[in-house]
Each structure stands twice: as structure tokens, then as C-alpha cells.
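The structure appears right after this line, and notes come after that.
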Amino acid sequence: MVLKLSTLKLKFPNKIPPWLNFPGRYFSLSFAATLRPKPETDTDPQSVDNYEEKIGFLKHNLHPDNLIRILDKTQDSNSALKIFKWAALQKSFNHTPDTYYHISLKLGLAGNVKEMDNFCLNLARDKCVGSREALASLVHTFVRHSRLNEAIRVLGNMTLCGLNPSVDVFNDLLCALVKKTDFQNVLFVYKEMVKGGIVPTVGTLNSLLEVLFETNRVESGLNQFRRMNKKGCSPNVRTFEIVIKGLVLNNRVDDAVLILHEMLELKYQPDVCFYICIIPLFCQENRLEQGMQLFKRMRAANLVPNSVICRELVHCLCMNLHLDDAINILEEMIEIDEIPPLDSFVDVMNGFCEAKRYNEAMCFLENNCGNLVSPHKVLLEGCCKADNFFLGISLLEKMSERGIADCDCWNILLSWICENASIQKAYELLGRMIVRSVVPDCSTYAALVVGNCNLNKYEDALELFHYIRSKFWVLDSKCYSRLVEGLCRLKRIEEAVVVYYYMSKSKCPLEVATFNLLIEATCDAGKVDEAVKLRSLAYYSGTSCSSVTHITIMLAFLKSERAKDVLVMFSQMVIGGCKVHAEVYCILIRSMCALNRFKDCALFCKLMINESLMPDSGTIHDLLSCLTNHSQLRLVSKDIDKIISGMDTLDSTMFNLLINGLWKEGCRSEARNLLDLMLERGWVPDATTHTLFVGSNVEGVTSRGRPTYENSMDEDNVSNILAEALGK
């Protein structure tokens, strides 16, 4: 459904009262006698003498031009207002539109909107010669000073009194409001224009379109665009620019392409502004066809593209591996003495590496990037990713000869060697690096740490780490994780903890998987309190604590018979927003069993089942044993069926335990149902269960020695099965 502009609700801004609600009394030229200056006590004492001096001057030289000069020189708006009102009381003087303009401007800029409103309305109502021009100039001036609320008020006073300004005044204000993305005020001004019978221009409608698209009113914007001809306006290039840009930014790229085709079919000739705006937009959306189409038209029109167009277009071309076209654009820029952005050379090198055209990349560097470090680094990284060590070392040597191989460049190759070659070659490269007077930095030593970790040379890795710590450096994320992970796997927990403490104090986060490994290793070593400290420090360093982290510590507490601490860790887990898994509930249930808190056991069990989670067999055994010992199986009697149906690991021992417990607590119906289920599975009740059920039935034997169950309980399957078993 297309939304018409007339259906959009108009909300008056908070600072703009409805124009029809002005007070009944106005300051009119014909009512100057009603003006009374405020008492001098209202004036700042420091300005009293100045005020009296100005009044004294005007008494003998009262003329509009003199008054305007005095008003302009008066900094205090209240003093200026008093002078203006004093002049209005003089019999031989009448205010002009120019004097009203200056006092209204001063009051508006000072924020005295009420007084400004009164003077503007007074001037508009009198409609004397020059009033329209003075008020229109006032609107323009407020717009230049970015006082748009004041400008809207002046415009509202003009339209209220039928003193409609020209369309240029409306357009000037609309453009300023669009820059603020003030949709409500744009709509208000546009409707005031329509009510005043002012015919909109294409500039007016462009402003309206722009604010509609910027406020995500895409359908309304397209509707207005299609109705421009009905309003007597034909779209211009700026119109198409607004519509295409609005569609692209609102994820309607396909529609934007259709509008572009429509524009070109209608033979519109885009200007430089259009190209500068639209080509980068299409390139950012990876619409290479449209970007290149517009670029070729731009060049055919002898228009020179700026660096933004070239950067975005080259980036898009390189992403799609159109490297020859990208290089041509860069060469064209160089020919016209336009320096291409550095990012463009980097994009070309990334494209060469992606296409595995390393020889061409080397030639491109030689011809175009002699002393540019970033493109060389990209190619160096590409050589490493392609395992082309010899090309990489050759490139690094050339960079060193030119004096552009900084420490980062050496580190790129050194890191690759540490990951993929021997540590001996890494130290050889380090020696060449030092000979070239390049000072190793933290990244250099971090790469060597990784290399030693890969070869399980953790003594050497730790020695390098201690040197890094002595320099107050920090490891990168990869090196940090690799070192801690290796130490944990070798059960060198103390060293791993030392590394973690140092890095955490520097607020360096550890990868989640590695951190969980550290927690697990610490707990396995029986240092659960240390693990708790590590977890607390994680929040300071930015390391994420997952559910696995808390589960590991909770299990360690449980194994250490510190069930109370399990609840503490569980509360911290919940506060941290971690998800509660089935394993967590099982740990909680077993902990409560250890503390003989049978009610809490039953509570956690119910919560678990309500979330469609099932406890494991060990937890079920502990739970049922705890509840049986306290004769509290009835707390979970309603959930037993769900537990049994959801688990296949329950054995006859658990069934006997349940049946005996329920029977003793008086839940005989539930006990009989379980016995039926137990027999259906082919299990034979133990002696205790036999005794319970047989004892309950033999109490009813008759004088002839015949059990009463044969007379009254033939339909009772459980009793019949037990009787048959006893008969045998």
C-alpha cells in the first residue's frame, strides 16, 4: 500500500506553539503608546550607565539608522529591548521593518523567543512596505546561524498573516532542516507552503525526498518521486542521486539499479557530484557492473574522478580479481598527477596474492611502489601463506636494501618460519635481522616463543617469556594461548598460572578454550581454590568464562567434599549469564544429597525435568538414595514416571529401591505401578520387595486357608504374579 504524504501525521515541535493560539494583544505600529520599557532595576547594573548614554544620544539623534547602529552595538538583549520600546514611545518616531528585523534577530539569537514572536507577528500583521522582505531576510539569517526553530517561528508568523514568502525562503529552510534529518519540521514547512499556495520547485521536492529516504520512509519517497510530474516538476540529476542513494542505503540495491537505468534511458547527464556520490555506493555493495558503467561515462564526459571514487572502484575490482582494470585506473590517476591512495596499492597486492600471481605482483611493486611499505608487507604475507619461503626472503632482502624493511616486515617472515620450519632457521633470520640494525621487538620474541612451543622446548619458551616480562611487554593472543596450553598439557601448572597472572594484570584476555584447559588442569592438580582465583581474575582481564569453566570448578568442589561451595559457584554462574546445562543440575543434586538437603534435591530435580533435561544414572541413584533414607520419595512421586520413561539405564536395583521407599511412605499405588513395569521388563523383585507385597496380601487369609486375593483381587496383576511365584 502506497502511503500518501497527506496521511502522514504532523507533530508540532515542542518549542513551536500552534500558530492560531497566539495571545490576543500584539505589538502593532498603530499601538506604540502601549509600549512601556521595563524599570531600570531590571537591567544589569554594569550596563545602566551605558544604557543611559545611548538613550541620551538617541534623544537628539533618533533616526532608524542610528537606532539600528545602537541596537547592533548593544550586547545585552534586554537593554536592546528597552531601547527599542523607548524609541516606540517617542512621538516623532515610527519603527521601520529594518528596526523590527534587527531587534527580532537579536532577541532570537539570545533565545528570547516570546518577545521575538510578538515583534515578528506585529510586523507581519501590519503588512507595511518592506515587511515581507525583512521577515524573509530574518528567516535566511536564522538559517545561516543554524537557529532553525526561530526560523520556523518567523515563517509561521508570515504564513499565518497571509504574508507568504517566496519559494526560495521555503527551500532555504527545508535544506537546512534536511541536514538535521528533522522530518517533522520538514513536513510542517512543506505543508505551510502548500497551504499558502506556493508552487514547489524541484529543489523543494528534492528536500522532501531526501528526508523521506533518510528516515527510512522508502515507499513514501518512491511515491513522491513518481508523482513529481503531477506537481509540475520534472526530476533533475540531483533527484535521481537522492533516490538512488536512499534506495542503496535502505538495502534496496536492485531498485536503485532500475532507477539508474531509467535515468540513463531518459538521457540525463550526471554531474561530478552524482558520480562522487553514487559510484562508491555501488562499489561498496559489490555492484561492479554499475560502478564501472558510471566510471566509463564519467571519463567519456572528461570529468576527473577524485580519490574516493578511485579507491572504492579499485577495491571492488580487486575483490573480483579484475586486476588489470584496477591497475589501469591507478595508471590513469598517475598520468593526471593525482596521487592514488595507499589503500588502492594494498588492494591490488591483495588481489595478486589471492590470484597467486606473485611474479606480476613483484613487477607491480618494482614499477609503482618502490618505497611504500604496506604493499610490500601484503606481498610478504602472501608469500608466507603460499609457503613460498624463497620468494619471501628475496623480497625481504630487496626491502632491506631500500631501507624500508622495518621490524614488522622481519617479524612476518620470522613468524612463518617458527610455525612451519625449524627454530634454528628462525634464529638464523634473527641474526641477519640484527646485522641489518633492526632491533627485535615483542612480536619477534613472541614468534620465537611459539616456535619453541611447537618443538616442546618449554624451558626455552619460558626463558623468552621471562625476558619479555622484564621488558614489560605483553604476548600476542596466539603466543599467549599456545604457551599456556602447552604448559597445561605437560602438567606444569605453576608456570602456566604465572603466565596467566602476568598477562591478566596487563588486561590481556586468554582464549576461552585455553582458559578452560587451564582451569581443568588446576582443578585436576587439586588446586580448586587457585582455580577460583583464576576465574575471578578473568573478569578483570576480559577473558570470557563459559559454562564449562564453572562446571569444572563445581565438579572439583564436589569431589573435594565441599558441597556448600558448589552453590556459591552456581550463583556466580547464574549472575554471569551462563546457560545452566543438565550437567550443572546433576552436580547440584549430588551436592544437596551430600548435605542431606533432600528438599533442595527434589527442587533441582523438578527444575531439571521441567526444562526437559534428564539426570544421569549416578545422579538418580544419589537422589533416590537420599530421599529414601529420609522417607521423602513422595517429593518426586509425580516425576518418577518421567524419569523412568526418559532413561534406559535404570536397573532392577533402582526399581526395588523405589518400590520399597514408596511403599513405606504409603504411596502403594505408585509402588504397584512400578512393580508392574519392573515385571514387564523381565526383572524379578528382590526378597524385600516380595516380603512387602506378600505380607500385605496374606493378612487376609480365610479360615479354610485360602487367600482372599483369589476372591477379591483377581484383576490385580501384581498380586497374581506374586502368588503364582510363591506357589511354585
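Letters A, B, ... go to the chains of the C-alpha cells in the order shown; residues in each chain start at 1; ligands are counted from 1 in the same order.
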
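Near Ser437 of chain A, within 12 Å and counting only C-alpha atoms, sit A:Ser400, A:Gly403, A:Ala405, A:Asp406, A:Cys407, A:Trp410, A:Leu430, A:Gly431, A:Arg432; same-chain residues fewer than 5 positions away were not included.
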
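Counting only C-alpha atoms, Ile423 of chain A has the following residues at most 7 Å away, ignoring those fewer than 5 positions along the same chain: Cys418, Gly451 and Asn452 of chain A.
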
Step one, run DSSP on the backbone; step two, keep only residues of segment 496-683 of chain A assigned to alpha helix (DSSP H); then write them as a ChimeraX atom specification. /A:496-505,512-524,528-541,547-559,563-575,582-594,598-610,617-629,640-645,652-664,668-680

Shell of 9 Å around segment 490-494 of chain A, only C-alpha atoms, local chain residues under 4 positions omitted, as a short mmCIF file (atom, residue, chain, number, x, y, z; two decimals) with C-alpha atoms, in the first residue's frame:
data_model
loop_
_atom_site.label_atom_id
_atom_site.label_comp_id
_atom_site.auth_asym_id
_atom_site.auth_seq_id
_atom_site.Cartn_x
_atom_site.Cartn_y
_atom_site.Cartn_z
CA VAL A 484 49.58 -21.68 28.40
CA GLU A 485 48.08 -24.63 26.52
CA GLY A 486 51.44 -26.40 26.21
CA VAL A 498 52.45 -17.34 36.33
CA VAL A 499 51.99 -16.56 32.63
CA LEU A 518 43.95 -24.04 32.50
CA ALA A 521 44.44 -28.62 34.84
CA THR A 522 44.44 -26.53 38.03
CA ALA A 525 46.04 -30.83 40.43
#

Closest to Gly246 of chain A among A:Phe213, A:Phe188, A:Tyr275, A:Phe389, using only C-alpha atoms? A:Phe213

Within 9 Å of Ile609 of chain A, counting only C-alpha atoms, which residues show up once you throw out same-chain ones fewer than 4 positions away? Write them as a PyMOL selection string, please. chain A and resi 604-605+613-615+639+642-643

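Taking atom CA of Glu381 of chain A and atom CA of Thr543 of chain A as endpoints, the distance between them is 29.0 Å.
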
For Tyr458 of chain A: contacts at 9 Å, only C-alpha atoms, fewer than 4 positions along chain excluded, given as an MDAnalysis selection string: chainID A and resid 449 452:453 462:463 483 486:487
